[in-house]
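Here's upload19.txt, which has compact mmCIF, C-alpha atoms:
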```txt
# COMPACT_ATOMS: atom_id res chain seq x y z
CA MET A 1 -55.35 106.31 4.94
CA LYS A 2 -52.44 108.55 3.98
CA THR A 3 -51.85 109.31 7.66
CA GLN A 4 -51.95 105.64 8.58
CA ASN A 5 -49.54 104.75 5.74
CA PHE A 6 -47.23 107.54 6.83
CA TRP A 7 -47.07 106.20 10.39
CA ARG A 8 -46.60 102.62 9.13
CA VAL A 9 -43.67 103.70 6.96
CA THR A 10 -42.22 105.79 9.78
CA THR A 11 -42.53 102.87 12.21
CA LEU A 12 -40.82 100.51 9.75
CA ILE A 13 -37.93 102.94 9.28
CA LEU A 14 -37.45 103.23 13.05
CA VAL A 15 -37.46 99.46 13.43
CA VAL A 16 -34.87 99.09 10.66
CA VAL A 17 -32.63 101.78 12.22
CA LEU A 18 -32.89 100.21 15.65
CA LEU A 19 -32.16 96.73 14.35
CA PHE A 20 -29.14 97.83 12.30
CA GLY A 21 -27.93 99.78 15.31
CA CYS A 22 -28.12 96.63 17.45
CA VAL A 23 -26.14 94.65 14.89
CA GLY A 24 -23.37 97.23 14.85
CA VAL A 25 -23.16 97.44 18.63
CA ALA A 26 -23.19 93.68 18.99
CA GLY A 27 -20.42 93.35 16.43
CA LEU A 28 -18.18 95.81 18.30
CA ALA A 29 -18.94 94.74 21.85
CA GLY A 30 -19.42 91.02 21.51
CA GLY A 31 -17.26 90.15 18.51
CA VAL A 32 -18.06 89.72 14.86
CA MET A 33 -19.43 86.21 15.39
CA LEU A 34 -22.58 87.78 16.93
CA ALA A 35 -23.46 89.78 13.83
CA PRO A 36 -24.51 86.89 11.54
CA GLN A 37 -26.94 85.63 14.18
CA LEU A 38 -28.62 89.01 14.48
CA GLN A 39 -28.49 89.49 10.74
CA GLY A 40 -30.21 86.12 10.19
CA ALA A 41 -32.98 86.94 12.67
CA PHE A 42 -33.69 90.23 10.91
CA LEU A 43 -33.75 88.87 7.38
CA SER A 44 -36.22 86.15 8.32
CA GLY A 45 -38.67 88.64 9.79
CA GLU A 46 -41.97 89.71 8.24
CA SER A 47 -40.81 93.27 7.51
CA ALA A 48 -38.51 92.19 4.66
CA SER A 49 -39.91 92.03 1.15
CA ALA A 50 -40.43 88.66 -0.53
CA ALA A 51 -37.51 89.28 -2.91
CA THR A 52 -34.97 89.59 -0.06
CA VAL A 53 -36.13 86.87 2.32
CA VAL A 54 -33.26 84.57 3.41
CA THR A 55 -34.03 81.78 5.85
CA ALA A 56 -31.27 81.41 8.41
CA PRO A 57 -32.78 80.17 11.66
CA THR A 58 -30.85 80.81 14.84
CA PRO A 59 -29.91 77.58 16.65
CA PRO A 60 -31.12 77.15 20.22
CA PRO A 61 -28.74 78.56 22.87
CA SER A 62 -27.86 75.06 24.07
CA GLU A 63 -26.82 73.90 20.58
CA PRO A 64 -23.18 74.81 19.69
CA LEU A 65 -22.46 76.45 16.38
CA ASN A 66 -21.02 74.05 13.81
CA ILE A 67 -18.09 76.19 12.64
CA THR A 68 -15.04 74.69 10.88
CA ILE A 69 -11.82 76.72 10.93
CA ASN A 70 -9.37 75.55 8.27
CA ALA A 71 -5.68 75.88 9.13
CA ASP A 72 -3.74 77.98 6.66
CA GLU A 73 -0.82 76.55 4.71
CA GLU A 74 1.76 77.72 7.27
CA GLU A 75 -0.05 76.06 10.17
CA GLN A 76 -0.60 72.87 8.20
CA LEU A 77 3.06 72.71 7.23
CA LEU A 78 4.22 73.10 10.83
CA ALA A 79 1.68 70.54 12.02
CA ASN A 80 2.90 68.04 9.42
CA ILE A 81 6.55 68.62 10.38
CA TYR A 82 5.71 68.06 14.04
CA ARG A 83 3.84 64.83 13.32
CA GLN A 84 6.67 63.59 11.13
CA ALA A 85 9.66 64.55 13.30
CA SER A 86 8.47 64.28 16.91
CA PRO A 87 8.76 60.47 17.10
CA SER A 88 12.46 60.87 16.16
CA VAL A 89 13.17 63.28 19.03
CA VAL A 90 14.11 61.99 22.49
CA HIS A 91 14.24 63.47 25.97
CA ILE A 92 17.61 62.88 27.68
CA ARG A 93 18.33 62.93 31.41
CA VAL A 94 21.88 62.64 32.70
CA VAL A 95 23.68 62.23 36.01
CA GLN A 96 27.36 63.06 36.40
CA HIS A 97 29.47 62.28 39.45
CA VAL A 98 31.73 65.16 40.46
CA THR A 99 34.34 65.22 43.21
CA ALA A 100 35.02 68.68 44.58
CA VAL A 101 37.31 70.03 47.29
CA VAL A 102 35.45 71.76 50.12
CA PRO A 103 37.71 74.59 51.30
CA GLY A 104 38.76 75.03 54.90
CA THR A 105 36.89 77.36 57.24
CA PRO A 106 38.60 80.51 58.55
CA GLU A 107 39.94 80.45 62.08
CA PHE A 108 38.24 82.90 64.42
CA PRO A 109 39.89 84.14 67.63
CA GLY A 110 38.78 82.04 70.55
CA PHE A 111 37.36 79.23 68.38
CA PRO A 112 39.20 76.03 67.53
CA PRO A 113 39.61 75.13 63.83
CA VAL A 114 36.94 72.87 62.40
CA PRO A 115 38.38 69.36 61.96
CA GLY A 116 38.25 67.66 58.61
CA PHE A 117 38.59 70.77 56.41
CA PRO A 118 39.52 71.10 53.64
CA HIS A 119 38.31 67.75 52.27
CA GLU A 120 36.81 66.16 49.18
CA GLU A 121 33.09 65.60 48.79
CA ASP A 122 31.07 63.79 46.15
CA PHE A 123 28.39 65.68 44.25
CA TYR A 124 25.96 64.59 41.55
CA GLN A 125 25.02 66.98 38.78
CA ARG A 126 21.74 66.30 37.01
CA GLY A 127 20.52 67.72 33.75
CA GLU A 128 18.17 67.16 30.87
CA ALA A 129 18.32 67.93 27.18
CA SER A 130 17.37 66.57 23.76
CA GLY A 131 18.58 64.25 21.04
CA PHE A 132 17.35 62.45 17.93
CA VAL A 133 17.33 58.92 16.53
CA LEU A 134 19.92 58.40 13.81
CA ASP A 135 19.25 54.82 12.69
CA LYS A 136 17.51 51.54 13.41
CA GLU A 137 20.59 50.27 15.32
CA GLY A 138 19.63 52.51 18.25
CA HIS A 139 22.18 55.30 17.76
CA ILE A 140 21.11 58.67 19.13
CA VAL A 141 22.85 61.98 18.42
CA THR A 142 23.14 64.73 21.01
CA ASN A 143 25.70 67.31 22.22
CA TYR A 144 28.92 66.39 23.96
CA HIS A 145 28.18 68.94 26.66
CA VAL A 146 24.92 67.07 27.33
CA ALA A 147 26.15 63.50 27.74
CA GLY A 148 29.84 63.26 26.85
CA ASP A 149 31.00 62.99 30.47
CA ALA A 150 27.80 61.56 31.99
CA ASP A 151 27.90 58.56 34.33
CA LYS A 152 24.26 57.66 33.77
CA VAL A 153 22.04 58.48 30.80
CA GLU A 154 18.29 57.94 30.51
CA VAL A 155 16.38 58.31 27.24
CA THR A 156 12.63 58.77 26.87
CA PHE A 157 10.94 58.27 23.50
CA PHE A 158 7.86 59.98 22.12
CA ASP A 159 5.63 57.04 23.07
CA GLY A 160 6.78 57.21 26.70
CA THR A 161 9.28 54.33 26.59
CA THR A 162 12.22 55.07 28.90
CA VAL A 163 15.52 53.16 28.81
CA ARG A 164 19.14 53.45 29.86
CA ALA A 165 21.59 54.58 27.19
CA LYS A 166 25.32 54.10 26.77
CA VAL A 167 27.70 56.81 25.53
CA ILE A 168 29.68 55.13 22.75
CA GLY A 169 31.51 58.15 21.31
CA GLY A 170 32.12 61.83 21.85
CA ASP A 171 33.80 64.77 20.17
CA PRO A 172 34.26 67.83 22.40
CA ASP A 173 35.70 69.85 19.50
CA ALA A 174 32.42 69.67 17.54
CA ASP A 175 30.29 69.27 20.69
CA LEU A 176 28.77 66.02 19.42
CA ALA A 177 28.11 62.73 21.21
CA VAL A 178 26.53 59.43 20.21
CA LEU A 179 24.40 57.27 22.51
CA GLN A 180 23.14 53.76 21.94
CA VAL A 181 19.98 52.16 23.29
CA ASP A 182 18.64 48.62 23.17
CA VAL A 183 14.94 48.88 22.32
CA ASP A 184 12.36 47.40 19.99
CA PRO A 185 13.26 48.71 16.49
CA ASP A 186 9.61 49.69 16.00
CA ILE A 187 10.18 52.48 18.53
CA LEU A 188 13.06 53.89 16.51
CA HIS A 189 12.15 56.49 13.88
CA PRO A 190 15.39 57.65 12.22
CA VAL A 191 15.71 61.18 10.89
CA LYS A 192 16.90 62.16 7.44
CA LEU A 193 20.00 64.40 7.36
CA ALA A 194 19.82 67.25 4.85
CA ASP A 195 22.71 68.79 2.91
CA SER A 196 23.63 71.81 5.00
CA ASP A 197 25.82 73.21 2.22
CA LYS A 198 22.60 74.06 0.35
CA LEU A 199 21.06 76.16 3.13
CA PHE A 200 20.30 79.85 2.63
CA VAL A 201 19.57 82.82 4.86
CA GLY A 202 15.83 83.29 5.17
CA GLN A 203 15.08 79.58 4.92
CA ARG A 204 12.54 78.18 7.35
CA ALA A 205 14.00 76.59 10.51
CA ILE A 206 12.09 74.52 13.08
CA ALA A 207 13.41 73.25 16.43
CA ILE A 208 11.90 70.39 18.42
CA GLY A 209 13.23 69.57 21.87
CA ASN A 210 12.72 69.82 25.60
CA PRO A 211 13.40 73.43 26.67
CA PHE A 212 13.30 73.85 30.45
CA GLY A 213 12.10 70.24 30.63
CA GLN A 214 8.98 70.95 28.60
CA GLU A 215 8.94 67.83 26.44
CA TRP A 216 8.53 67.88 22.66
CA THR A 217 8.20 71.62 22.29
CA MET A 218 8.34 73.05 18.76
CA THR A 219 9.52 76.55 17.87
CA SER A 220 9.93 78.01 14.41
CA GLY A 221 11.78 80.81 12.68
CA ILE A 222 14.31 81.25 9.93
CA ILE A 223 17.99 80.74 9.29
CA SER A 224 19.29 84.18 10.17
CA ALA A 225 22.96 83.64 9.22
CA LEU A 226 25.35 80.96 7.99
CA GLY A 227 29.05 80.23 8.30
CA ARG A 228 29.48 81.26 11.95
CA THR A 229 32.64 79.96 13.64
CA LEU A 230 32.22 79.73 17.40
CA PRO A 231 34.11 78.12 20.31
CA SER A 232 32.70 74.68 21.04
CA GLY A 233 32.51 75.43 24.76
CA THR A 234 33.89 71.97 25.54
CA SER A 235 37.37 72.45 24.04
CA GLN A 236 39.77 75.20 23.00
CA TYR A 237 38.86 74.74 19.35
CA SER A 238 36.06 76.28 17.32
CA ILE A 239 33.20 74.74 15.34
CA PRO A 240 33.05 76.03 11.74
CA GLU A 241 30.06 76.88 9.57
CA MET A 242 27.50 76.88 12.37
CA ILE A 243 23.89 77.75 11.53
CA GLN A 244 22.39 80.81 13.22
CA THR A 245 18.62 80.84 13.75
CA ASP A 246 15.98 82.99 15.40
CA ALA A 247 13.86 79.93 16.21
CA ALA A 248 13.71 79.93 20.01
CA ILE A 249 16.52 77.80 21.46
CA ASN A 250 16.58 77.48 25.26
CA PRO A 251 18.34 75.34 27.89
CA GLY A 252 17.07 71.81 27.28
CA ASN A 253 16.98 72.23 23.49
CA SER A 254 20.65 71.23 23.34
CA GLY A 255 21.21 68.14 21.22
CA GLY A 256 17.82 68.33 19.52
CA PRO A 257 17.27 68.73 15.79
CA LEU A 258 16.95 71.89 13.74
CA LEU A 259 14.72 71.01 10.78
CA ASN A 260 13.87 72.35 7.36
CA ALA A 261 10.40 72.55 5.78
CA GLN A 262 10.72 68.93 4.61
CA GLY A 263 11.28 67.72 8.18
CA GLU A 264 14.95 66.92 7.48
CA VAL A 265 17.66 67.65 10.06
CA ILE A 266 19.83 70.58 9.02
CA GLY A 267 21.66 70.93 12.33
CA VAL A 268 22.04 70.00 15.99
CA ASN A 269 20.89 72.78 18.33
CA THR A 270 23.89 73.58 20.50
CA MET A 271 24.16 77.06 22.01
CA ILE A 272 22.66 80.52 22.36
CA ILE A 273 23.99 84.01 22.88
CA SER A 274 21.99 85.55 25.70
CA ARG A 275 22.67 87.49 28.86
CA SER A 276 19.55 85.99 30.46
CA ARG A 277 20.35 82.36 29.51
CA SER A 278 17.11 82.18 27.56
CA SER A 279 16.27 82.75 23.92
CA ALA A 280 17.18 86.14 22.56
CA GLY A 281 16.69 85.10 18.96
CA VAL A 282 20.35 84.15 18.46
CA GLY A 283 20.72 80.38 18.54
CA PHE A 284 23.30 78.16 16.88
CA ALA A 285 23.33 74.62 15.50
CA VAL A 286 26.12 72.31 14.35
CA PRO A 287 25.47 71.80 10.60
CA SER A 288 24.24 68.42 9.41
CA ASN A 289 27.18 67.90 7.06
CA ILE A 290 29.56 67.98 10.02
CA VAL A 291 27.28 65.44 11.71
CA LYS A 292 27.54 63.25 8.59
CA GLN A 293 31.33 63.57 8.67
CA ILE A 294 31.97 62.96 12.37
CA VAL A 295 29.21 60.76 13.79
CA PRO A 296 29.97 57.63 11.72
CA VAL A 297 33.56 57.77 12.97
CA LEU A 298 32.36 58.18 16.57
CA ILE A 299 30.17 55.09 16.15
CA GLU A 300 33.08 53.09 14.74
CA LYS A 301 36.01 54.35 16.80
CA GLY A 302 34.55 56.35 19.69
CA GLU A 303 36.49 59.52 18.83
CA TYR A 304 37.26 61.75 15.88
CA VAL A 305 40.83 62.87 15.11
CA TYR A 306 41.18 66.27 13.46
CA PRO A 307 44.00 67.61 11.34
CA TRP A 308 46.24 70.10 13.11
CA LEU A 309 48.09 73.04 11.62
CA GLY A 310 49.52 74.22 14.92
CA LEU A 311 49.03 77.97 14.91
CA GLN A 312 46.87 80.75 16.30
CA GLY A 313 45.72 83.63 14.16
CA VAL A 314 43.40 86.59 13.77
CA ASP A 315 41.53 88.18 10.89
CA LEU A 316 43.19 91.13 9.24
CA SER A 317 41.60 94.38 10.35
CA LEU A 318 42.02 97.78 8.77
CA ASP A 319 44.27 98.79 11.68
CA LEU A 320 46.49 95.75 11.11
CA ILE A 321 46.66 96.41 7.36
CA GLU A 322 47.77 99.98 8.00
CA ALA A 323 50.20 99.01 10.78
CA MET A 324 51.86 96.34 8.59
CA ASP A 325 51.78 98.56 5.48
CA LEU A 326 49.84 95.99 3.47
CA PRO A 327 47.99 96.87 0.25
CA THR A 328 44.53 98.31 0.82
CA GLY A 329 41.88 95.60 0.62
CA THR A 330 44.18 92.76 1.64
CA GLN A 331 42.26 89.86 3.19
CA GLY A 332 43.64 86.94 5.13
CA ALA A 333 44.59 85.52 8.53
CA LEU A 334 47.55 86.90 10.45
CA VAL A 335 49.62 84.22 12.19
CA VAL A 336 49.98 85.40 15.79
CA LYS A 337 51.59 82.35 17.40
CA VAL A 338 53.08 79.10 16.14
CA ALA A 339 53.02 76.00 18.35
CA GLU A 340 56.58 74.93 19.08
CA GLY A 341 57.37 71.69 17.27
CA GLY A 342 54.00 71.68 15.49
CA PRO A 343 53.35 71.30 11.75
CA ALA A 344 53.40 75.06 11.03
CA ASP A 345 56.62 75.46 13.03
CA LYS A 346 58.31 72.62 11.13
CA ALA A 347 57.26 74.20 7.83
CA GLY A 348 58.87 77.51 8.83
CA LEU A 349 55.77 79.66 9.35
CA ARG A 350 56.38 82.74 11.46
CA GLY A 351 54.19 84.23 14.16
CA SER A 352 53.98 87.88 15.20
CA ASP A 353 57.22 89.21 16.65
CA SER A 354 56.07 92.61 17.91
CA THR A 355 53.06 94.71 18.77
CA VAL A 356 51.85 98.21 18.02
CA LYS A 357 49.49 100.29 20.12
CA VAL A 358 46.44 101.65 18.30
CA GLU A 359 43.94 103.69 20.30
CA GLY A 360 44.90 101.92 23.50
CA LEU A 361 44.90 98.40 22.02
CA GLU A 362 48.01 96.26 21.60
CA LEU A 363 47.91 94.72 18.12
CA PRO A 364 50.24 91.88 17.04
CA VAL A 365 52.22 92.56 13.87
CA GLY A 366 55.07 91.08 11.91
CA GLY A 367 53.78 87.53 11.37
CA ASP A 368 52.96 85.72 8.14
CA VAL A 369 49.59 86.46 6.55
CA ILE A 370 47.82 83.41 5.08
CA ILE A 371 45.81 84.44 2.01
CA ALA A 372 45.06 80.99 0.50
CA ILE A 373 45.14 77.26 1.25
CA ASN A 374 45.46 74.87 -1.69
CA ASP A 375 44.55 77.81 -3.94
CA ARG A 376 41.32 78.38 -1.98
CA PRO A 377 41.14 82.08 -0.92
CA VAL A 378 41.34 82.71 2.82
CA THR A 379 39.57 85.89 3.91
CA GLY A 380 40.01 85.17 7.62
CA MET A 381 40.47 82.47 10.24
CA ASP A 382 36.95 81.14 9.65
CA ASP A 383 37.85 80.13 6.10
CA LEU A 384 41.05 78.44 7.24
CA ILE A 385 39.35 76.48 10.04
CA ALA A 386 36.44 75.39 7.83
CA TYR A 387 38.74 74.14 5.07
CA LEU A 388 40.94 72.18 7.47
CA VAL A 389 37.97 70.52 9.21
CA LYS A 390 35.97 69.66 6.09
CA GLU A 391 38.60 69.02 3.44
CA THR A 392 41.67 67.55 5.14
CA ARG A 393 42.82 64.71 7.39
CA PRO A 394 45.93 64.19 9.53
CA GLY A 395 48.92 63.42 7.34
CA ASP A 396 47.68 65.46 4.37
CA LYS A 397 49.97 68.07 2.85
CA VAL A 398 48.55 71.52 2.20
CA THR A 399 50.03 74.47 0.35
CA LEU A 400 49.64 77.82 2.06
CA THR A 401 49.98 81.05 0.12
CA ILE A 402 51.33 83.69 2.47
CA LEU A 403 52.50 87.30 2.58
CA ARG A 404 55.84 87.74 4.34
CA ASP A 405 57.52 91.13 4.47
CA GLY A 406 55.10 92.30 1.81
CA LYS A 407 56.03 89.54 -0.65
CA GLU A 408 53.90 86.57 -1.70
CA ARG A 409 55.29 83.03 -1.34
CA THR A 410 54.06 79.46 -0.79
CA VAL A 411 54.76 77.05 2.07
CA THR A 412 53.94 73.33 2.20
CA VAL A 413 52.77 71.95 5.55
CA GLU A 414 52.19 68.31 6.52
CA LEU A 415 49.22 68.31 8.90
CA GLY A 416 49.46 66.54 12.23
CA GLU A 417 46.81 65.35 14.68
CA ARG A 418 45.13 67.68 17.11
CA PRO A 419 46.52 67.07 20.59
CA HIS A 420 44.16 65.53 23.12
CA ALA A 421 42.87 67.73 25.93
CA THR A 422 45.53 66.47 28.35
CA GLU A 423 48.27 67.34 25.84
CA ARG A 424 47.16 70.88 24.97
```

Here is the file; what I need is its structure written in the form of structure tokens.
Amino acid sequence: MKTQNFWRVTTLILVVVLLFGCVGVAGLAGGVMLAPQLQGAFLSGESASAATVVTAPTPPPSEPLNITINADEEEQLLANIYRQASPSVVHIRVVQHVTAVVPGTPEFPGFPPVPGFPHEEDFYQRGEASGFVLDKEGHIVTNYHVAGDADKVEVTFFDGTTVRAKVIGGDPDADLAVLQVDVDPDILHPVKLADSDKLFVGQRAIAIGNPFGQEWTMTSGIISALGRTLPSGTSQYSIPEMIQTDAAINPGNSGGPLLNAQGEVIGVNTMIISRSRSSAGVGFAVPSNIVKQIVPVLIEKGEYVYPWLGLQGVDLSLDLIEAMDLPTGTQGALVVKVAEGGPADKAGLRGSDSTVKVEGLELPVGGDVIIAINDRPVTGMDDLIAYLVKETRPGDKVTLTILRDGKERTVTVELGERPHATER
């Protein structure tokens, strides 16, 4: 009997070892989802004691496992934002007629010149991008570089409805345009514009648009910087206080919304910095408060008129401070050039009158240094541009605090209107 009990115990131990070995191998080779099945089969076997018996029958191979995977809070948030905002986003297709001069062909010895060259030919440029519904009157916001000069615009809504749209206003300086469509109001799902002055670096940012023609694509990231001033790309002027984000922005996202965690629009996706013309994690959006300021005027008047100071300037660098013998730590904008007959010229502001060479670079010196506007400190050209765009209108008078020949003084300037493109 002792011998038989010994062999029974030994056999049981071997079976246990082999079974646990199978569970481990299955978990590594086939994934952890295999382990509970094997574990259930073992625990329901006769070898287990009555105190440890757990009934967990294995379903037949043809019966799928009933497993529910709950989305985490991040996934649920993004899913809710997509459901809420997607019906407000539109897909825009444009056609623009372009007339170009086809150059003449070179004359080769022994061959007559080709008749009809040079001559003009008509071309049609086609593109697609994004936009969003602003209100129940059928106004749609997008970029100026998307539709501002388009001859034909087509808008597709989230439910598949496609209609023609009319460009009713455009602002190349802020790269904004407004379209209008005539559709059933039930199709229109207006967005809510957030207060972009309350944004912060690290805040969640979500983009929805049509990158590379892939409709209603969502990408997410964060606000990676604020207060960027960048050239609009459609005029010689810059857009202040742009939002920088690492949410993927690609060709086709232009004109679409950048959203916060509440699904509100914080900006209009506009441009990227990338050598490959695809997302490198540095995208930019026109802030929603500039949209609030400009778009209503575009709807009413078709264009937005900016105040004009009439000067060009650069930020003070350490080299400029040393070259102009300014106090260490001086901040401001050096006036490099003053537009002849412009507001700054009439007020007596002076541009740079000479240059110095520093490590191979020609630096302008000798001009006025603007250190404040209406008692608001100016640390560089970005501050000056942002204040003029957001706080002033043509005809307003502003007081500039400047440094001239090392001495502080004030100058009052009556702002004019920015010249149109043909007048610049």

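Summary of the local environment: counting all atoms listed in the file, residues at most 7 Å from region 168-182 of chain A, other than itself and those fewer than 4 positions away along its chain, are Gly138, His139, Ile140, Val141, Thr142, Asn143, Tyr144, His145, Ala147, Gly148, Arg164, Ser232, Thr234, Ser235, Tyr237, Ser238, Ile239, Leu298, Ile299, Gly302, Glu303 and Tyr304 of chain A.
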
Who sits within 9 Å of Gly348 (chain A), all atoms listed in the file, same chain under 4 positions skipped, as a PyMOL selection string: chain A and resi 343-344+411+413

Atomic separation - CA of Asp246 (chain A) relative to CA of Glu73 (chain A), Å: 20.9 Å

Residue contacts of Asp195 (chain A) (12 Å, all atoms listed in the file) excluding same-chain residues fewer than 2 positions away, as number ranges by chain: A: 192-193, 197-200, 259-260, 264-267, 287-293

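Reported to one decimal place, the separation of CA of Thr410 (chain A) from CA of Gln331 (chain A) is 16.2 Å.
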
Counting only C-alpha atoms, the option among A:Pro307, A:Gly313, A:Gly202, A:Pro190 closest to Leu388 (chain A): A:Pro307

Close residues, Asp184 (chain A) itself excluded, 12 Å, all atoms listed in the file, min 3 positions apart in chain, as a ChimeraX atom specification: /A:136-138,157,161-163,181,187-189

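Among the candidates A:Ser88, A:Ser224, A:Gln214, A:Ser317, the residue lying nearest to Ala129 (chain A) is A:Gln214 (atoms considered: all atoms listed in the file).
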
Selected residue of minimal separation from Val358 (chain A) among A:Leu318, A:Ser220, A:Asp383, A:Arg393, counting only C-alpha atoms: A:Leu318

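Omitting Arg204 (chain A) and its sequence neighbours fewer than 4 positions away, and counting all atoms listed in the file, the residues within 7 Å are Gly221, Ile222, Ile223, Asn260 and Ala261 of chain A.
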
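Pairwise distance (CA of Val94 (chain A), CA of Val183 (chain A)) equals 18.6 Å.
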
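With all atoms listed in the file as the atoms that count, the residue of A:Val295, A:Ser278, A:Ala248, A:Leu309 with the shortest distance to Gly341 (chain A) is A:Leu309.
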
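Distances here use all atoms listed in the file; by that measure, the residue among A:Gln262, A:Ser196, A:Thr156, A:Ser254 closest to Pro87 (chain A) is A:Thr156.
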
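Nearest to Val286 (chain A) of all the residues A:Gly252, A:Glu154, A:Arg228, A:His119 is A:Arg228, counting all atoms listed in the file.
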